[in-house]
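This is query.txt. It holds compact mmCIF, C-alpha atoms.
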```
# COMPACT_ATOMS: atom_id res chain seq x y z
CA MET S 8 -15.83 -12.38 -65.85
CA LYS S 9 -12.06 -12.61 -65.41
CA ARG S 10 -12.22 -9.55 -63.19
CA ILE S 11 -14.80 -11.13 -60.93
CA VAL S 12 -12.76 -14.33 -60.66
CA ALA S 13 -9.60 -12.35 -59.91
CA LEU S 14 -11.43 -10.35 -57.23
CA TYR S 15 -12.77 -13.57 -55.75
CA ASP S 16 -9.27 -15.13 -55.75
CA ARG S 17 -7.85 -12.09 -53.92
CA GLY S 18 -10.61 -12.30 -51.34
CA VAL S 19 -9.98 -16.00 -50.78
CA ALA S 20 -6.24 -15.36 -50.41
CA MET S 21 -6.91 -12.68 -47.78
CA VAL S 22 -9.19 -14.84 -45.61
CA ALA S 23 -6.99 -17.92 -46.04
CA ASN S 24 -4.25 -16.10 -44.16
CA ARG S 25 -3.16 -17.11 -40.66
CA MET S 26 -4.75 -14.16 -38.86
CA PRO S 27 -8.32 -14.61 -40.17
CA GLU S 28 -8.05 -18.32 -39.40
CA ALA S 29 -6.84 -17.55 -35.88
CA ILE S 30 -9.79 -15.23 -35.30
CA ALA S 31 -12.23 -17.78 -36.70
CA LEU S 32 -10.81 -20.55 -34.48
CA LEU S 33 -10.99 -18.27 -31.44
CA LEU S 34 -14.64 -17.49 -32.18
CA LEU S 35 -15.30 -21.19 -32.69
CA ARG S 36 -13.71 -22.04 -29.33
CA VAL S 37 -15.76 -19.36 -27.57
CA ALA S 38 -19.00 -20.51 -29.23
CA LEU S 39 -18.57 -24.19 -28.39
CA ALA S 40 -17.35 -23.45 -24.88
CA GLY S 41 -20.35 -21.18 -24.29
CA VAL S 42 -22.83 -23.90 -25.17
CA PHE S 43 -21.42 -26.38 -22.68
CA TRP S 44 -20.60 -23.80 -19.98
CA ARG S 45 -24.21 -22.61 -19.93
CA SER S 46 -25.39 -26.20 -19.70
CA GLY S 47 -22.99 -26.84 -16.83
CA GLN S 48 -24.27 -23.75 -15.03
CA THR S 49 -27.79 -25.19 -15.01
CA LYS S 50 -26.49 -28.11 -12.97
CA VAL S 51 -25.00 -26.14 -10.07
CA VAL S 52 -26.56 -24.17 -7.24
CA GLU S 53 -26.75 -20.51 -8.25
CA GLY S 54 -23.99 -18.47 -6.65
CA SER S 55 -21.95 -21.52 -5.69
CA ILE S 56 -18.69 -22.80 -7.04
CA LEU S 57 -19.55 -26.15 -8.58
CA GLN S 58 -21.98 -27.25 -5.86
CA ILE S 59 -24.24 -29.66 -7.71
CA ASP S 60 -27.95 -28.91 -7.44
CA PRO S 61 -29.55 -32.03 -5.88
CA ILE S 62 -32.50 -31.80 -8.32
CA GLN S 63 -30.10 -32.86 -11.09
CA TYR S 64 -30.02 -36.42 -9.77
CA ASP S 65 -33.80 -36.68 -10.14
CA LEU S 66 -33.65 -35.04 -13.57
CA PHE S 67 -31.03 -37.50 -14.79
CA ALA S 68 -33.01 -40.42 -13.35
CA SER S 69 -36.22 -39.39 -15.09
CA GLU S 70 -35.70 -37.22 -18.18
CA PHE S 71 -32.21 -38.45 -19.04
CA SER S 72 -32.87 -42.07 -18.09
CA GLY S 73 -31.56 -43.27 -21.45
CA LEU S 74 -27.97 -42.64 -20.35
CA PRO S 75 -26.12 -45.88 -19.67
CA LEU S 76 -24.64 -44.40 -16.46
CA ASP S 77 -26.19 -44.23 -13.03
CA PRO S 78 -27.14 -40.62 -12.10
CA VAL S 79 -24.76 -40.83 -9.12
CA ILE S 80 -21.91 -41.06 -11.65
CA ALA S 81 -23.44 -39.17 -14.60
CA VAL S 82 -24.38 -35.97 -12.77
CA PRO S 83 -20.95 -35.11 -11.31
CA LEU S 84 -19.21 -36.34 -14.45
CA THR S 85 -21.23 -34.13 -16.78
CA THR S 86 -21.30 -31.17 -14.39
CA TYR S 87 -17.54 -31.06 -13.98
CA ALA S 88 -16.87 -31.86 -17.64
CA GLU S 89 -19.20 -29.05 -18.74
CA HIS S 90 -17.14 -26.66 -16.65
CA LEU S 91 -13.60 -27.97 -17.18
CA PHE S 92 -13.53 -28.52 -20.95
CA PRO S 93 -15.12 -25.16 -21.88
CA VAL S 94 -12.56 -23.33 -19.73
CA LEU S 95 -9.71 -25.24 -21.35
CA LEU S 96 -11.25 -24.56 -24.75
CA LEU S 97 -11.62 -20.87 -24.03
CA PHE S 98 -7.93 -20.55 -23.22
CA GLY S 99 -6.92 -22.87 -26.02
CA LEU S 100 -5.26 -25.30 -23.63
CA ALA S 101 -5.54 -28.98 -24.61
CA THR S 102 -7.86 -27.76 -27.36
CA ARG S 103 -8.02 -30.99 -29.31
CA LEU S 104 -8.59 -33.09 -26.18
CA SER S 105 -11.26 -30.69 -24.90
CA ALA S 106 -13.03 -30.59 -28.25
CA ALA S 107 -12.91 -34.39 -28.44
CA ALA S 108 -14.42 -34.66 -24.96
CA LEU S 109 -17.22 -32.27 -25.92
CA LEU S 110 -17.78 -34.22 -29.14
CA VAL S 111 -18.17 -37.42 -27.11
CA MET S 112 -20.63 -35.62 -24.83
CA THR S 113 -22.53 -34.34 -27.86
CA LEU S 114 -22.78 -37.84 -29.30
CA ALA S 115 -23.91 -39.25 -25.94
CA ILE S 116 -26.59 -36.56 -25.69
CA GLN S 117 -27.65 -37.28 -29.26
CA ILE S 118 -27.79 -41.06 -28.88
CA PHE S 119 -29.12 -41.46 -25.35
CA VAL S 120 -30.98 -38.27 -24.41
CA PHE S 121 -32.30 -36.26 -27.37
CA PRO S 122 -32.18 -38.47 -30.48
CA ASP S 123 -34.39 -36.07 -32.45
CA ALA S 124 -32.05 -33.11 -32.01
CA TRP S 125 -29.35 -33.98 -34.55
CA TRP S 126 -30.48 -31.38 -37.01
CA PRO S 127 -29.82 -28.50 -36.45
CA VAL S 128 -28.44 -28.52 -32.88
CA HIS S 129 -26.10 -31.45 -32.35
CA SER S 130 -24.80 -31.45 -35.91
CA LEU S 131 -23.49 -27.91 -35.35
CA TRP S 132 -21.85 -28.82 -32.05
CA ALA S 133 -20.26 -31.88 -33.66
CA ALA S 134 -19.01 -29.81 -36.61
CA MET S 135 -17.49 -27.17 -34.31
CA ALA S 136 -15.75 -29.83 -32.22
CA ALA S 137 -14.49 -31.64 -35.33
CA ILE S 138 -12.95 -28.49 -36.77
CA LEU S 139 -11.15 -27.80 -33.48
CA ILE S 140 -9.91 -31.39 -33.31
CA VAL S 141 -8.53 -31.15 -36.85
CA ARG S 142 -7.21 -27.55 -36.82
CA GLY S 143 -6.37 -27.02 -33.15
CA GLY S 144 -6.87 -23.78 -31.25
CA GLY S 145 -5.08 -21.45 -33.65
CA LEU S 146 -2.64 -18.62 -33.00
CA PHE S 147 -4.53 -17.25 -30.00
CA ALA S 148 -4.33 -20.48 -28.00
CA LEU S 149 -2.11 -21.47 -25.11
CA ASP S 150 -1.45 -24.68 -27.04
CA ARG S 151 0.48 -22.61 -29.58
CA ILE S 152 2.63 -21.02 -26.87
CA SER S 153 3.19 -24.40 -25.25
CA ALA S 154 4.26 -25.95 -28.56
CA THR S 155 6.66 -23.06 -29.21
CA LEU S 156 8.23 -23.46 -25.77
CA ARG S 157 8.59 -27.24 -26.21
CA ARG S 158 10.47 -26.74 -29.50
CA ARG S 159 13.11 -24.56 -27.83
```
Conversion result in structure tokens:
Amino acid sequence: MKRIVALYDRGVAMVANRMPEAIALLLLRVALAGVFWRSGQTKVVEGSILQIDPIQYDLFASEFSGLPLDPVIAVPLTTYAEHLFPVLLLFGLATRLSAAALLVMTLAIQIFVFPDAWWPVHSLWAAMAAILIVRGGGLFALDRISATLRRR
């Protein structure tokens, strides 16, 4: 039994290192960014650069009518947010701010649009965002480079 515990302890020590954490945080950033990027892409005209599909205004007025914002404000706000914050997250720039913004969006979607989707969808998005808010982007983030440069 001592051998198994010792083997387990060595394994934990290896994955608790900075490099495995950096890889895990990078994968987490990519995963969360991908969810919101794909959602943002459904709101723009295919082949365009952020040209909002006019049908989105009708969709927000009917299916997403629970949102406390007028579709004239909500559609551009969500479209641009679902493109900006995933890009920032992907590069690890303003990681905590971007993750917090996506967490707020997740909670708004949960509360006002799809209240039955907490488990398993929105809980996972919220958990991913929370980890990034607490831990930051990791070693492979522009935030890390920026912090290093500010210290000099």
Report task. Around the point (-8.2, -20.2, -22.0) in the file's coordinates, collect all residues with an atom within 12 Å, using all atoms listed in the file, and return them as number ranges by chain. Result -> S: 33, 36-37, 40, 91-102, 105, 144, 147-152
Query raised in the report: Pick the closest to Gly41 in chain S from S:Leu109, S:Trp126, S:Ser72, S:Arg103: which is it, counting only C-alpha atoms?
Result: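 Going through S:Leu109, S:Trp126, S:Ser72, S:Arg103 one by one, the smallest distance to Gly41 in chain S is for S:Leu109.
Atom to atom, CA of Gln117 in chain S and CA of Gly47 in chain S stand 16.9 Å apart.
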Query raised in the report: Counting all atoms listed in the file, which of S:Val51, S:Ala108, S:Val12, S:Leu156 gets nearest to Ile140 in chain S?
Result: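 Among the listed residues, S:Ala108 lies closest to Ile140 in chain S.
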Report summary line: Here CA of Ala68 in chain S and CA of Ala136 in chain S stand apart by 27.7 Å
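In this model, the gap between CA of Thr86 in chain S and CA of Ser46 in chain S comes to 8.3 Å.
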Query raised in the report: Quick one: of S:Ala106, S:Met21, S:Gly54, S:Phe121, who's nearest to Glu70 in chain S, counting only C-alpha atoms?
Result: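 Checking each candidate against Glu70 in chain S, we get S:Phe121 as the closest.
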Report task. Find, counting all atoms listed in the file, the residue in S:Ala31, S:Ala81, S:Val42, S:Val111 that gets nearest to Leu146 in chain S. Result -> S:Ala31
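The environment of Leu74 in chain S within 12 Å, counting only C-alpha atoms and disregarding residues fewer than 2 places along the same chain, consists of Leu66, Phe67, Ala68, Ser69, Glu70, Phe71, Ser72, Leu76, Asp77, Pro78, Val79, Ile80, Ala81, Val82, Thr85, Met112, Leu114, Ala115, Ile116, Gln117, Ile118, Phe119, Val120, Phe121 and Pro122 of chain S.
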Report task. Select, from S:Thr49, S:His90, S:Val22, S:Phe43, the residue with the minimum atom-to-atom distance to His129 in chain S, counting all atoms listed in the file. Result -> S:Phe43
Query raised in the report: In terms of the shortest atom-to-atom distance over only C-alpha atoms, which of S:Arg159, S:Leu39, S:Trp44, S:Asp60 is closest to Ala133 in chain S?
Result: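 Ranking S:Arg159, S:Leu39, S:Trp44, S:Asp60 by distance to Ala133 in chain S, first place goes to S:Leu39.
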Complete the atom set of range 67-95 of chain S to N, CA and C atoms and return it as a PDB file, keeping the file's coordinate frame.
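part_13.pdb, written as the output of this step:
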```
ATOM      1  N   PHE S  67     -31.765 -36.480 -14.038  1.00  0.00           N
ATOM      2  CA  PHE S  67     -31.030 -37.500 -14.790  1.00  0.00           C
ATOM      3  C   PHE S  67     -31.709 -38.858 -14.683  1.00  0.00           C
ATOM      4  N   ALA S  68     -32.325 -39.137 -13.532  1.00  0.00           N
ATOM      5  CA  ALA S  68     -33.010 -40.420 -13.350  1.00  0.00           C
ATOM      6  C   ALA S  68     -34.297 -40.510 -14.156  1.00  0.00           C
ATOM      7  N   SER S  69     -34.947 -39.357 -14.372  1.00  0.00           N
ATOM      8  CA  SER S  69     -36.220 -39.390 -15.090  1.00  0.00           C
ATOM      9  C   SER S  69     -36.078 -38.978 -16.552  1.00  0.00           C
ATOM     10  N   GLU S  70     -35.747 -37.725 -16.800  1.00  0.00           N
ATOM     11  CA  GLU S  70     -35.700 -37.220 -18.180  1.00  0.00           C
ATOM     12  C   GLU S  70     -34.521 -37.741 -18.991  1.00  0.00           C
ATOM     13  N   PHE S  71     -33.401 -37.985 -18.336  1.00  0.00           N
ATOM     14  CA  PHE S  71     -32.210 -38.450 -19.040  1.00  0.00           C
ATOM     15  C   PHE S  71     -31.940 -39.922 -18.722  1.00  0.00           C
ATOM     16  N   SER S  72     -32.992 -40.677 -18.510  1.00  0.00           N
ATOM     17  CA  SER S  72     -32.870 -42.070 -18.090  1.00  0.00           C
ATOM     18  C   SER S  72     -32.250 -42.965 -19.161  1.00  0.00           C
ATOM     19  N   GLY S  73     -32.166 -42.488 -20.376  1.00  0.00           N
ATOM     20  CA  GLY S  73     -31.560 -43.270 -21.450  1.00  0.00           C
ATOM     21  C   GLY S  73     -30.057 -43.407 -21.330  1.00  0.00           C
ATOM     22  N   LEU S  74     -29.426 -42.562 -20.524  1.00  0.00           N
ATOM     23  CA  LEU S  74     -27.970 -42.640 -20.350  1.00  0.00           C
ATOM     24  C   LEU S  74     -27.582 -43.970 -19.732  1.00  0.00           C
ATOM     25  N   PRO S  75     -26.520 -44.586 -20.219  1.00  0.00           N
ATOM     26  CA  PRO S  75     -26.120 -45.880 -19.670  1.00  0.00           C
ATOM     27  C   PRO S  75     -25.380 -45.785 -18.333  1.00  0.00           C
ATOM     28  N   LEU S  76     -25.308 -44.599 -17.752  1.00  0.00           N
ATOM     29  CA  LEU S  76     -24.640 -44.400 -16.460  1.00  0.00           C
ATOM     30  C   LEU S  76     -25.662 -44.101 -15.380  1.00  0.00           C
ATOM     31  N   ASP S  77     -25.368 -44.548 -14.186  1.00  0.00           N
ATOM     32  CA  ASP S  77     -26.190 -44.230 -13.030  1.00  0.00           C
ATOM     33  C   ASP S  77     -26.079 -42.720 -12.768  1.00  0.00           C
ATOM     34  N   PRO S  78     -27.185 -42.056 -12.385  1.00  0.00           N
ATOM     35  CA  PRO S  78     -27.140 -40.620 -12.100  1.00  0.00           C
ATOM     36  C   PRO S  78     -26.083 -40.231 -11.064  1.00  0.00           C
ATOM     37  N   VAL S  79     -25.781 -41.117 -10.142  1.00  0.00           N
ATOM     38  CA  VAL S  79     -24.760 -40.830  -9.120  1.00  0.00           C
ATOM     39  C   VAL S  79     -23.405 -40.593  -9.780  1.00  0.00           C
ATOM     40  N   ILE S  80     -23.166 -41.245 -10.904  1.00  0.00           N
ATOM     41  CA  ILE S  80     -21.910 -41.060 -11.650  1.00  0.00           C
ATOM     42  C   ILE S  80     -22.099 -39.992 -12.735  1.00  0.00           C
ATOM     43  N   ALA S  81     -23.213 -40.044 -13.449  1.00  0.00           N
ATOM     44  CA  ALA S  81     -23.440 -39.170 -14.600  1.00  0.00           C
ATOM     45  C   ALA S  81     -23.518 -37.696 -14.224  1.00  0.00           C
ATOM     46  N   VAL S  82     -24.186 -37.383 -13.134  1.00  0.00           N
ATOM     47  CA  VAL S  82     -24.380 -35.970 -12.770  1.00  0.00           C
ATOM     48  C   VAL S  82     -23.058 -35.274 -12.466  1.00  0.00           C
ATOM     49  N   PRO S  83     -22.227 -35.795 -11.546  1.00  0.00           N
ATOM     50  CA  PRO S  83     -20.950 -35.110 -11.310  1.00  0.00           C
ATOM     51  C   PRO S  83     -20.045 -35.117 -12.544  1.00  0.00           C
ATOM     52  N   LEU S  84     -20.051 -36.232 -13.260  1.00  0.00           N
ATOM     53  CA  LEU S  84     -19.210 -36.340 -14.450  1.00  0.00           C
ATOM     54  C   LEU S  84     -19.556 -35.266 -15.474  1.00  0.00           C
ATOM     55  N   THR S  85     -20.838 -35.135 -15.791  1.00  0.00           N
ATOM     56  CA  THR S  85     -21.230 -34.130 -16.780  1.00  0.00           C
ATOM     57  C   THR S  85     -21.084 -32.711 -16.235  1.00  0.00           C
ATOM     58  N   THR S  86     -21.404 -32.517 -14.973  1.00  0.00           N
ATOM     59  CA  THR S  86     -21.300 -31.170 -14.390  1.00  0.00           C
ATOM     60  C   THR S  86     -19.863 -30.667 -14.444  1.00  0.00           C
ATOM     61  N   TYR S  87     -18.939 -31.490 -13.996  1.00  0.00           N
ATOM     62  CA  TYR S  87     -17.540 -31.060 -13.980  1.00  0.00           C
ATOM     63  C   TYR S  87     -16.958 -30.979 -15.382  1.00  0.00           C
ATOM     64  N   ALA S  88     -17.354 -31.902 -16.260  1.00  0.00           N
ATOM     65  CA  ALA S  88     -16.870 -31.860 -17.640  1.00  0.00           C
ATOM     66  C   ALA S  88     -17.369 -30.612 -18.361  1.00  0.00           C
ATOM     67  N   GLU S  89     -18.639 -30.231 -18.089  1.00  0.00           N
ATOM     68  CA  GLU S  89     -19.200 -29.050 -18.740  1.00  0.00           C
ATOM     69  C   GLU S  89     -18.640 -27.747 -18.182  1.00  0.00           C
ATOM     70  N   HIS S  90     -17.845 -27.840 -17.156  1.00  0.00           N
ATOM     71  CA  HIS S  90     -17.140 -26.660 -16.650  1.00  0.00           C
ATOM     72  C   HIS S  90     -15.653 -26.700 -17.033  1.00  0.00           C
ATOM     73  N   LEU S  91     -15.033 -27.860 -16.910  1.00  0.00           N
ATOM     74  CA  LEU S  91     -13.600 -27.970 -17.180  1.00  0.00           C
ATOM     75  C   LEU S  91     -13.271 -27.781 -18.668  1.00  0.00           C
ATOM     76  N   PHE S  92     -13.902 -28.554 -19.527  1.00  0.00           N
ATOM     77  CA  PHE S  92     -13.530 -28.520 -20.950  1.00  0.00           C
ATOM     78  C   PHE S  92     -13.828 -27.177 -21.619  1.00  0.00           C
ATOM     79  N   PRO S  93     -14.934 -26.500 -21.303  1.00  0.00           N
ATOM     80  CA  PRO S  93     -15.120 -25.160 -21.880  1.00  0.00           C
ATOM     81  C   PRO S  93     -14.056 -24.153 -21.438  1.00  0.00           C
ATOM     82  N   VAL S  94     -13.613 -24.243 -20.184  1.00  0.00           N
ATOM     83  CA  VAL S  94     -12.560 -23.330 -19.730  1.00  0.00           C
ATOM     84  C   VAL S  94     -11.267 -23.612 -20.481  1.00  0.00           C
ATOM     85  N   LEU S  95     -10.913 -24.890 -20.588  1.00  0.00           N
ATOM     86  CA  LEU S  95      -9.710 -25.240 -21.350  1.00  0.00           C
ATOM     87  C   LEU S  95      -9.833 -24.775 -22.795  1.00  0.00           C
TER      88      LEU S  95
END
```
